[in-house]
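Enquirer: Contents are mmCIF, C-alpha atoms and all ligand atoms; file name structure.cif:
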```cif
data_structure
loop_
_atom_site.group_PDB
_atom_site.id
_atom_site.type_symbol
_atom_site.label_atom_id
_atom_site.label_comp_id
_atom_site.auth_asym_id
_atom_site.auth_seq_id
_atom_site.Cartn_x
_atom_site.Cartn_y
_atom_site.Cartn_z
ATOM 1 C CA MET O 257 -82.159 35.555 67.125
ATOM 2 C CA ASN O 258 -80.694 33.096 64.700
ATOM 3 C CA ASN O 259 -76.945 33.567 64.125
ATOM 4 C CA GLN O 260 -77.583 33.133 60.426
ATOM 5 C CA TYR O 261 -79.844 36.224 60.367
ATOM 6 C CA ILE O 262 -77.280 38.304 62.266
ATOM 7 C CA LYS O 263 -74.617 37.252 59.783
ATOM 8 C CA TYR O 264 -76.809 38.281 56.797
ATOM 9 C CA ALA O 265 -77.695 41.582 58.479
ATOM 10 C CA LEU O 266 -73.989 42.362 59.066
ATOM 11 C CA TYR O 267 -73.161 41.445 55.468
ATOM 12 C CA GLY O 268 -75.928 43.725 54.246
ATOM 13 C CA LEU O 269 -74.819 46.579 56.524
ATOM 14 C CA SER O 270 -71.166 46.202 55.460
ATOM 15 C CA THR O 271 -72.179 46.269 51.805
ATOM 16 C CA VAL O 272 -74.222 49.455 52.312
ATOM 17 C CA ILE O 273 -71.355 51.168 54.183
ATOM 18 C CA ALA O 274 -68.770 50.064 51.595
ATOM 19 C CA THR O 275 -70.986 51.264 48.731
ATOM 20 C CA GLU O 276 -71.500 54.593 50.474
ATOM 21 C CA LEU O 277 -67.723 54.995 51.048
ATOM 22 C CA VAL O 278 -66.876 54.142 47.432
ATOM 23 C CA TYR O 279 -69.597 56.472 46.149
ATOM 24 C CA ASN O 280 -68.370 59.380 48.329
ATOM 25 C CA TYR O 281 -64.763 58.762 47.325
ATOM 26 C CA PHE O 282 -65.744 58.640 43.653
ATOM 27 C CA ARG O 283 -67.778 61.854 44.007
ATOM 28 C CA ARG O 284 -64.845 63.679 45.684
ATOM 29 C CA TRP O 285 -62.452 62.388 43.003
ATOM 30 C CA MET O 286 -64.764 63.611 40.190
ATOM 31 C CA LYS O 287 -65.069 67.009 41.901
ATOM 32 C CA ARG O 288 -61.274 67.273 42.256
ATOM 33 C CA CYS O 289 -60.797 66.357 38.569
ATOM 34 C CA ALA O 290 -63.314 69.049 37.574
ATOM 35 C CA GLU O 291 -61.471 71.613 39.757
ATOM 36 C CA ILE O 292 -58.119 70.686 38.191
ATOM 37 C CA ARG O 293 -59.617 70.944 34.688
ATOM 38 C CA ALA O 294 -61.158 74.329 35.528
ATOM 39 C CA SER O 295 -57.919 75.695 37.024
ATOM 40 C CA ARG O 296 -55.974 74.542 33.951
ATOM 41 C CA THR O 297 -58.459 76.246 31.629
ATOM 42 C CA GLU O 298 -58.407 79.429 33.701
ATOM 43 C CA SER O 299 -54.627 79.629 33.816
ATOM 44 C CA GLU O 300 -54.112 78.666 30.178
ATOM 45 C CA ILE O 301 -52.541 81.489 28.239
ATOM 46 C CA ALA O 302 -54.254 82.243 24.936
ATOM 47 C CA ASP O 303 -53.298 85.529 23.335
ATOM 48 C CA VAL O 304 -52.443 86.945 19.927
ATOM 49 C CA ILE O 305 -50.203 89.819 18.946
ATOM 50 C CA TRP O 306 -51.424 91.575 15.819
ATOM 51 C CA ILE O 307 -49.284 93.925 13.805
ATOM 52 C CA ASN O 308 -51.252 96.079 11.388
ATOM 53 C CA GLU O 309 -51.676 99.641 10.071
ATOM 54 C CA HIS O 310 -52.383 100.888 13.649
ATOM 55 C CA THR O 311 -48.974 99.658 14.795
ATOM 56 C CA GLN O 312 -47.438 102.296 12.541
ATOM 57 C CA ASP O 313 -49.635 105.036 14.078
ATOM 58 C CA CYS O 314 -48.105 104.349 17.440
ATOM 59 C CA ALA O 315 -44.571 104.085 16.137
ATOM 60 C CA VAL O 316 -44.866 107.562 14.580
ATOM 61 C CA LYS O 317 -46.158 109.023 17.861
ATOM 62 C CA SER O 318 -43.367 107.250 19.680
ATOM 63 C CA GLU O 319 -40.722 108.792 17.448
ATOM 64 C CA LYS O 320 -42.252 112.266 17.717
ATOM 65 C CA ASN O 321 -42.729 112.261 21.478
ATOM 66 C CA SER O 322 -39.720 110.333 22.552
ATOM 67 C CA PRO O 323 -37.020 108.427 20.753
ATOM 68 C CA LYS O 324 -36.873 105.970 23.661
ATOM 69 C CA PHE O 325 -38.165 102.457 23.183
ATOM 70 C CA PHE O 326 -40.526 102.361 26.163
ATOM 71 C CA HIS O 327 -42.508 105.409 25.088
ATOM 72 C CA ASN O 328 -45.513 106.360 27.206
ATOM 73 C CA GLY O 329 -44.747 103.726 29.811
ATOM 74 C CA ASN O 330 -47.561 101.236 30.319
ATOM 75 C CA LYS O 331 -50.259 103.796 29.547
ATOM 76 C CA CYS O 332 -50.361 103.339 25.791
ATOM 77 C CA LYS O 333 -53.918 102.536 24.737
ATOM 78 C CA ASN O 334 -53.010 101.282 21.267
ATOM 79 C CA MET O 335 -53.370 97.499 21.471
ATOM 80 C CA PHE O 336 -51.282 97.164 18.282
ATOM 81 C CA CYS O 337 -48.456 99.328 19.636
ATOM 82 C CA TYR O 338 -44.932 98.126 18.902
ATOM 83 C CA PRO O 339 -43.430 98.794 22.363
ATOM 84 C CA ARG O 340 -46.496 97.246 23.996
ATOM 85 C CA ASN O 341 -46.237 94.141 21.804
ATOM 86 C CA ILE O 342 -42.543 93.640 22.294
ATOM 87 C CA ARG O 343 -42.787 94.305 26.034
ATOM 88 C CA LYS O 344 -45.333 91.517 26.294
ATOM 89 C CA ILE O 345 -42.971 89.060 24.566
ATOM 90 C CA ILE O 346 -39.979 90.199 26.631
ATOM 91 C CA LYS O 347 -41.948 89.696 29.854
ATOM 92 C CA PHE O 348 -42.544 86.040 28.968
ATOM 93 C CA ILE O 349 -38.852 85.549 28.068
ATOM 94 C CA ASP O 350 -37.713 87.301 31.267
ATOM 95 C CA ASN O 351 -39.982 85.011 33.316
ATOM 96 C CA ALA O 352 -38.676 81.794 31.719
ATOM 97 C CA LYS O 353 -36.802 79.607 34.219
ATOM 98 C CA TYR O 354 -35.185 76.720 32.394
ATOM 99 C CA SER O 355 -35.065 76.740 28.630
ATOM 100 C CA ILE O 356 -35.693 78.486 25.335
ATOM 101 C CA ASP O 357 -35.947 76.613 22.037
ATOM 102 C CA LEU O 358 -36.153 79.067 19.142
ATOM 103 C CA SER O 359 -36.779 78.231 15.511
ATOM 104 C CA MET O 360 -36.565 81.501 13.615
ATOM 105 C CA TYR O 361 -35.932 82.392 9.996
ATOM 106 C CA ILE O 362 -34.671 85.960 10.668
ATOM 107 C CA PHE O 363 -33.672 87.333 14.088
ATOM 108 C CA THR O 364 -32.444 90.929 14.101
ATOM 109 C CA SER O 365 -34.426 92.412 17.020
ATOM 110 C CA ASN O 366 -32.092 94.139 19.453
ATOM 111 C CA GLU O 367 -34.643 94.125 22.286
ATOM 112 C CA LEU O 368 -35.233 90.381 22.025
ATOM 113 C CA ALA O 369 -31.501 89.659 21.680
ATOM 114 C CA LEU O 370 -30.999 91.576 24.955
ATOM 115 C CA ALA O 371 -33.712 89.424 26.575
ATOM 116 C CA PHE O 372 -31.770 86.349 25.394
ATOM 117 C CA HIS O 373 -28.570 87.751 26.928
ATOM 118 C CA ARG O 374 -30.415 88.170 30.234
ATOM 119 C CA ALA O 375 -31.696 84.596 29.919
ATOM 120 C CA ILE O 376 -28.094 83.351 29.401
ATOM 121 C CA LYS O 377 -27.074 85.171 32.585
ATOM 122 C CA ARG O 378 -29.935 83.470 34.470
ATOM 123 C CA GLY O 379 -28.520 80.122 33.348
ATOM 124 C CA LEU O 380 -31.250 79.109 30.896
ATOM 125 C CA GLN O 381 -30.452 76.446 28.324
ATOM 126 C CA ILE O 382 -31.070 77.991 24.894
ATOM 127 C CA ARG O 383 -31.032 76.301 21.494
ATOM 128 C CA ILE O 384 -31.652 77.932 18.118
ATOM 129 C CA VAL O 385 -32.579 76.429 14.772
ATOM 130 C CA SER O 386 -32.301 78.938 11.950
ATOM 131 C CA ASP O 387 -31.596 79.389 8.263
ATOM 132 C CA GLN O 388 -27.921 79.193 7.352
ATOM 133 C CA GLU O 389 -28.012 82.139 4.936
ATOM 134 C CA MET O 390 -30.114 84.333 7.262
ATOM 135 C CA CYS O 391 -27.714 83.691 10.189
ATOM 136 C CA PHE O 392 -25.174 85.807 8.305
ATOM 137 C CA SER O 393 -27.592 88.384 6.878
ATOM 138 C CA SER O 394 -27.267 92.050 7.788
ATOM 139 C CA GLY O 395 -28.245 92.759 11.401
ATOM 140 C CA SER O 396 -28.675 89.113 12.386
ATOM 141 C CA ARG O 397 -28.184 88.552 16.119
ATOM 142 C CA ILE O 398 -27.643 84.825 15.707
ATOM 143 C CA THR O 399 -23.857 84.871 15.321
ATOM 144 C CA GLU O 400 -23.566 87.187 18.346
ATOM 145 C CA LEU O 401 -25.656 84.785 20.428
ATOM 146 C CA THR O 402 -23.528 81.852 19.235
ATOM 147 C CA LYS O 403 -20.463 83.665 20.562
ATOM 148 C CA CYS O 404 -22.198 83.728 23.961
ATOM 149 C CA GLY O 405 -22.391 79.941 23.877
ATOM 150 C CA ILE O 406 -25.855 79.371 22.406
ATOM 151 C CA PRO O 407 -25.790 76.376 20.047
ATOM 152 C CA VAL O 408 -27.298 77.066 16.626
ATOM 153 C CA ARG O 409 -28.149 74.476 14.003
ATOM 154 C CA PHE O 410 -29.578 74.713 10.499
ATOM 155 C CA PRO O 411 -30.807 72.237 7.884
ATOM 156 C CA ASN O 412 -28.546 71.025 5.145
ATOM 157 C CA ALA O 413 -31.296 70.973 2.509
ATOM 158 C CA THR O 414 -30.259 73.753 0.125
ATOM 159 C CA ASN O 415 -33.597 73.844 -1.687
ATOM 160 C CA MET O 416 -35.657 74.449 1.467
ATOM 161 C CA LEU O 417 -35.760 77.554 3.622
ATOM 162 C CA MET O 418 -35.893 77.068 7.397
ATOM 163 C CA HIS O 419 -38.881 79.380 7.456
ATOM 164 C CA HIS O 420 -40.348 78.707 10.926
ATOM 165 C CA LYS O 421 -41.098 81.476 13.393
ATOM 166 C CA PHE O 422 -41.729 79.766 16.697
ATOM 167 C CA CYS O 423 -40.288 79.755 20.175
ATOM 168 C CA ILE O 424 -40.888 77.468 23.161
ATOM 169 C CA LEU O 425 -40.191 78.699 26.686
ATOM 170 C CA ASP O 426 -39.764 76.116 29.469
ATOM 171 C CA GLY O 427 -41.139 73.268 27.352
ATOM 172 C CA PRO O 428 -42.097 70.475 29.777
ATOM 173 C CA GLY O 429 -40.297 67.853 27.643
ATOM 174 C CA ARG O 430 -37.103 69.908 27.552
ATOM 175 C CA SER O 431 -37.377 70.650 31.292
ATOM 176 C CA ARG O 432 -37.665 66.926 32.059
ATOM 177 C CA ALA O 433 -34.620 66.171 29.870
ATOM 178 C CA LEU O 434 -32.565 68.954 31.502
ATOM 179 C CA SER O 435 -33.614 67.827 34.976
ATOM 180 C CA LYS O 436 -32.348 64.328 34.124
ATOM 181 C CA MET O 437 -29.104 65.624 32.579
ATOM 182 C CA GLN O 438 -28.366 68.025 35.426
ATOM 183 C CA LYS O 439 -29.526 65.482 38.037
ATOM 184 C CA LYS O 440 -31.625 68.024 39.880
ATOM 185 C CA PRO O 441 -35.361 68.378 40.270
ATOM 186 C CA PHE O 442 -37.142 71.008 38.166
ATOM 187 C CA GLU O 443 -40.521 72.375 39.140
ATOM 188 C CA ASN O 444 -43.338 71.390 36.826
ATOM 189 C CA SER O 445 -43.240 74.140 34.244
ATOM 190 C CA GLN O 446 -46.019 75.511 32.113
ATOM 191 C CA GLY O 447 -44.545 75.676 28.629
ATOM 192 C CA ILE O 448 -45.264 78.751 26.528
ATOM 193 C CA LEU O 449 -45.362 78.730 22.753
ATOM 194 C CA PHE O 450 -45.001 81.713 20.415
ATOM 195 C CA THR O 451 -45.838 80.977 16.806
ATOM 196 C CA GLY O 452 -47.102 82.809 13.760
ATOM 197 C CA SER O 453 -45.963 84.754 10.726
ATOM 198 C CA LEU O 454 -43.673 87.134 12.581
ATOM 199 C CA ASN O 455 -39.928 87.171 12.029
ATOM 200 C CA TRP O 456 -38.141 88.804 14.949
ATOM 201 C CA THR O 457 -37.145 91.875 12.978
ATOM 202 C CA HIS O 458 -37.829 95.626 13.131
ATOM 203 C CA GLN O 459 -39.678 95.287 9.806
ATOM 204 C CA GLY O 460 -41.797 92.442 11.186
ATOM 205 C CA PHE O 461 -42.710 94.243 14.417
ATOM 206 C CA ASN O 462 -43.414 97.581 12.738
ATOM 207 C CA ALA O 463 -44.118 97.469 9.059
ATOM 208 C CA ASN O 464 -45.839 94.234 8.035
ATOM 209 C CA PHE O 465 -49.240 92.742 8.710
ATOM 210 C CA GLU O 466 -48.231 89.928 11.064
ATOM 211 C CA ASN O 467 -49.520 87.725 13.855
ATOM 212 C CA MET O 468 -48.015 85.892 16.782
ATOM 213 C CA LEU O 469 -50.023 83.405 18.795
ATOM 214 C CA ILE O 470 -49.045 83.036 22.460
ATOM 215 C CA THR O 471 -50.329 79.891 24.128
ATOM 216 C CA SER O 472 -49.657 77.545 27.008
ATOM 217 C CA ASN O 473 -51.956 74.866 25.586
ATOM 218 C CA SER O 474 -50.126 71.715 26.604
ATOM 219 C CA LYS O 475 -51.005 69.743 23.465
ATOM 220 C CA LEU O 476 -49.760 72.501 21.154
ATOM 221 C CA VAL O 477 -46.619 73.061 23.221
ATOM 222 C CA GLU O 478 -45.930 69.305 23.102
ATOM 223 C CA LYS O 479 -46.382 69.118 19.309
ATOM 224 C CA PHE O 480 -43.989 72.032 18.727
ATOM 225 C CA GLU O 481 -41.502 70.555 21.206
ATOM 226 C CA GLU O 482 -41.569 67.269 19.301
ATOM 227 C CA GLU O 483 -40.845 68.973 15.967
ATOM 228 C CA PHE O 484 -38.111 71.142 17.482
ATOM 229 C CA GLU O 485 -36.460 68.071 19.024
ATOM 230 C CA ARG O 486 -36.779 66.184 15.733
ATOM 231 C CA MET O 487 -35.122 69.058 13.829
ATOM 232 C CA TRP O 488 -32.424 69.467 16.468
ATOM 233 C CA LEU O 489 -31.408 65.812 16.184
ATOM 234 C CA SER O 490 -31.799 65.780 12.398
ATOM 235 C CA PHE O 491 -29.543 68.861 11.980
ATOM 236 C CA ASN O 492 -26.833 67.403 14.230
ATOM 237 C CA GLY O 493 -23.488 68.241 12.645
ATOM 238 C CA GLN O 494 -24.916 71.319 10.936
ATOM 239 C CA ASP O 495 -23.760 73.660 13.667
ATOM 240 C CA LEU O 496 -22.931 77.321 13.425
ATOM 241 C CA ASN O 497 -19.455 77.628 14.895
ATOM 242 C CA SER O 498 -18.736 80.497 17.206
HETATM 243 ZN ZN ZN O 501 -47.947 102.804 21.877
#
```
Can you present the structure in this file as structure tokens?

Expert:
Amino acid sequence: MNNQYIKYALYGLSTVIATELVYNYFRRWMKRCAEIRASRTESEIADVIWINEHTQDCAVKSEKNSPKFFHNGNKCKNMFCYPRNIRKIIKFIDNAKYSIDLSMYIFTSNELALAFHRAIKRGLQIRIVSDQEMCFSSGSRITELTKCGIPVRFPNATNMLMHHKFCILDGPGRSRALSKMQKKPFENSQGILFTGSLNWTHQGFNANFENMLITSNSKLVEKFEEEFERMWLSFNGQDLNS
């Protein structure tokens, strides 16, 4: 057989094999991407806490049956129940590993302040942006948290309220920055965002119509992280002294 023909046949065979390899690799890569996308969607947290007239029903029962906060354990069937709502939030805070960035107009909740104290003990890096006047309002837990070493900043603009009610747990951007600062590797964290109308007050959790969105959507977490970081840098020098 002519050497020329053998050469062409080998070229042809090599091309077929190479095409097959590339195609199989591409197919496996597409499948893996689809699996990653599916696992992200499945594990993405998307929840809402609603506070409405049914929240008060449960609070009344709670006071009648037991003055303790964790009334009825985990068996409460009222999905608008105050202890159930606050327990859900506390669970997320208690599971945070690295950081909490809170931007809150009014913070008087004892239960959530205790969760912050536990977070301090676990070594989390916490920052708070709040309203200067509300930091000193009756029942505010902000000054107490400042005394525990949590830095608090507020805007200087006297004609604008710092009216946000959002909190970021383990924001990926913040985790990366802390990892760099502390020169130690941090696991990839799934940031959690709380945001909505709810001030962290007894009134807010019990007696107003309110909502709080809970999400781990990476794009939303990133956008809130960016605004928190922007405010934090912008309010530099406007610190609440312990
Ligand atoms: Zn209940």

Enquirer: Name the residues that the PyMOL selection byres (((chain O and resi 340-353) around 7) and not hetatm) picks from the file above, as an NGL selection string, using the file's chain letters and numbers.

Expert: :O and (305 or 336-339 or 354-355 or 368 or 371 or 375 or 380 or 425-426)

Enquirer: Pick from O:Asn462, O:Thr402, O:Asn473, O:Ser359: nearest to ligand ZN 501 (chain O), with only C-alpha atoms and all ligand atoms counted?

Expert: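 Checking each candidate against ligand ZN 501 (chain O), we get O:Asn462 as the closest.
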
Enquirer: With the PyMOL selection byres (((chain O and resi 387) around 6) and not hetatm) as the selection, what would be picked from this file? Answer as a ChimeraX atom specification, please.

Expert: /O:361,386,388-390,410,418

Enquirer: Kindly compile the residues surrounding ligand ZN 501 (chain O) within 6 Å, counting all atoms listed in the file, and format them as a PyMOL selection string.

Expert: chain O and resi 314+332+334+337

Enquirer: Smallest atom-to-atom distance to O:Asn464: which of O:Glu309, O:Glu367, O:Asp495, O:Asp357, using all atoms listed in the file?

Expert: O:Glu309

Enquirer: Pick out the residues sitting within 9 Å of stretch 448-451 of chain O, and hand them over as number ranges by chain; count all atoms listed in the file, and ignore anything fewer than 3 positions along from it in its own chain.

Expert: O: 301, 345, 348, 352, 420-427, 454, 467-474, 476-477, 480

Enquirer: With distances taken over all atoms listed in the file, which residue among O:Lys333, O:His458, O:Lys287, O:Lys439 lies nearest O:Asp313?

Expert: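 The closest residue to O:Asp313 is O:Lys333.
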
Enquirer: Could you tell me which of O:Met335, O:Ala274, O:Arg378, O:Phe484 comes closest to O:Trp306 if we count all atoms listed in the file?

Expert: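 Using all atoms listed in the file, the shortest distance to O:Trp306 belongs to O:Met335.
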
Enquirer: Restrict the calculation to only C-alpha atoms, then for each residue of stretch 339-414 of chain O with any atom at most 10 Å from an atom of stretch 486-492 of chain O give the closest atom pair and their distance in Å to one decimal, rows by chain and rising residue number, as JSON lines.

Expert:
```
{"residue": "O:Asp357", "atom": "CA", "partner": "O:Trp488", "partner_atom": "CA", "distance": 9.7}
{"residue": "O:Ser359", "atom": "CA", "partner": "O:Met487", "partner_atom": "CA", "distance": 9.5}
{"residue": "O:Arg383", "atom": "CA", "partner": "O:Trp488", "partner_atom": "CA", "distance": 8.6}
{"residue": "O:Ile384", "atom": "CA", "partner": "O:Trp488", "partner_atom": "CA", "distance": 8.7}
{"residue": "O:Val385", "atom": "CA", "partner": "O:Trp488", "partner_atom": "CA", "distance": 7.2}
{"residue": "O:Val408", "atom": "CA", "partner": "O:Trp488", "partner_atom": "CA", "distance": 9.2}
{"residue": "O:Arg409", "atom": "CA", "partner": "O:Phe491", "partner_atom": "CA", "distance": 6.1}
{"residue": "O:Phe410", "atom": "CA", "partner": "O:Phe491", "partner_atom": "CA", "distance": 6.0}
{"residue": "O:Pro411", "atom": "CA", "partner": "O:Phe491", "partner_atom": "CA", "distance": 5.5}
{"residue": "O:Asn412", "atom": "CA", "partner": "O:Phe491", "partner_atom": "CA", "distance": 7.2}
{"residue": "O:Ala413", "atom": "CA", "partner": "O:Phe491", "partner_atom": "CA", "distance": 9.9}
```

Enquirer: When the PyMOL selection byres (((chain O and resi 397) around 8) and not hetatm) is applied to the file above, which residues end up in the set, as a ChimeraX atom specification?

Expert: /O:363-366,369,391,395-396,398-401

Enquirer: From the options O:Ile362, O:Ile382, O:Leu370, O:Ile273, which residue's atoms come nearest to O:Gln459, counting all atoms listed in the file?

Expert: O:Ile362

Enquirer: Hey, can you check how far atom CA of O:Ser393 sits from atom CA of O:Lys377?

Expert: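 Distance reported for this atom pair: 25.9 Å.
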
Enquirer: Find the distance between atom CA of O:Lys331 and atom CA of O:Asn308 and write it in Å to one decimal.

Expert: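 Rounded to one decimal, the two atoms are 19.8 Å apart.
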
Enquirer: Which of these residues is nearest to O:Leu417, using all atoms listed in the file: O:Asp303, O:Phe372, O:Met360, O:Leu496?

Expert: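 For O:Leu417, the nearest of the given residues is O:Met360.
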
Enquirer: Between atom CA of O:Gly493 and atom CA of O:Thr414, what is the distance, to one decimal in Å?

Expert: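 According to the coordinates, atom CA of O:Gly493 and atom CA of O:Thr414 are separated by 15.3 Å.
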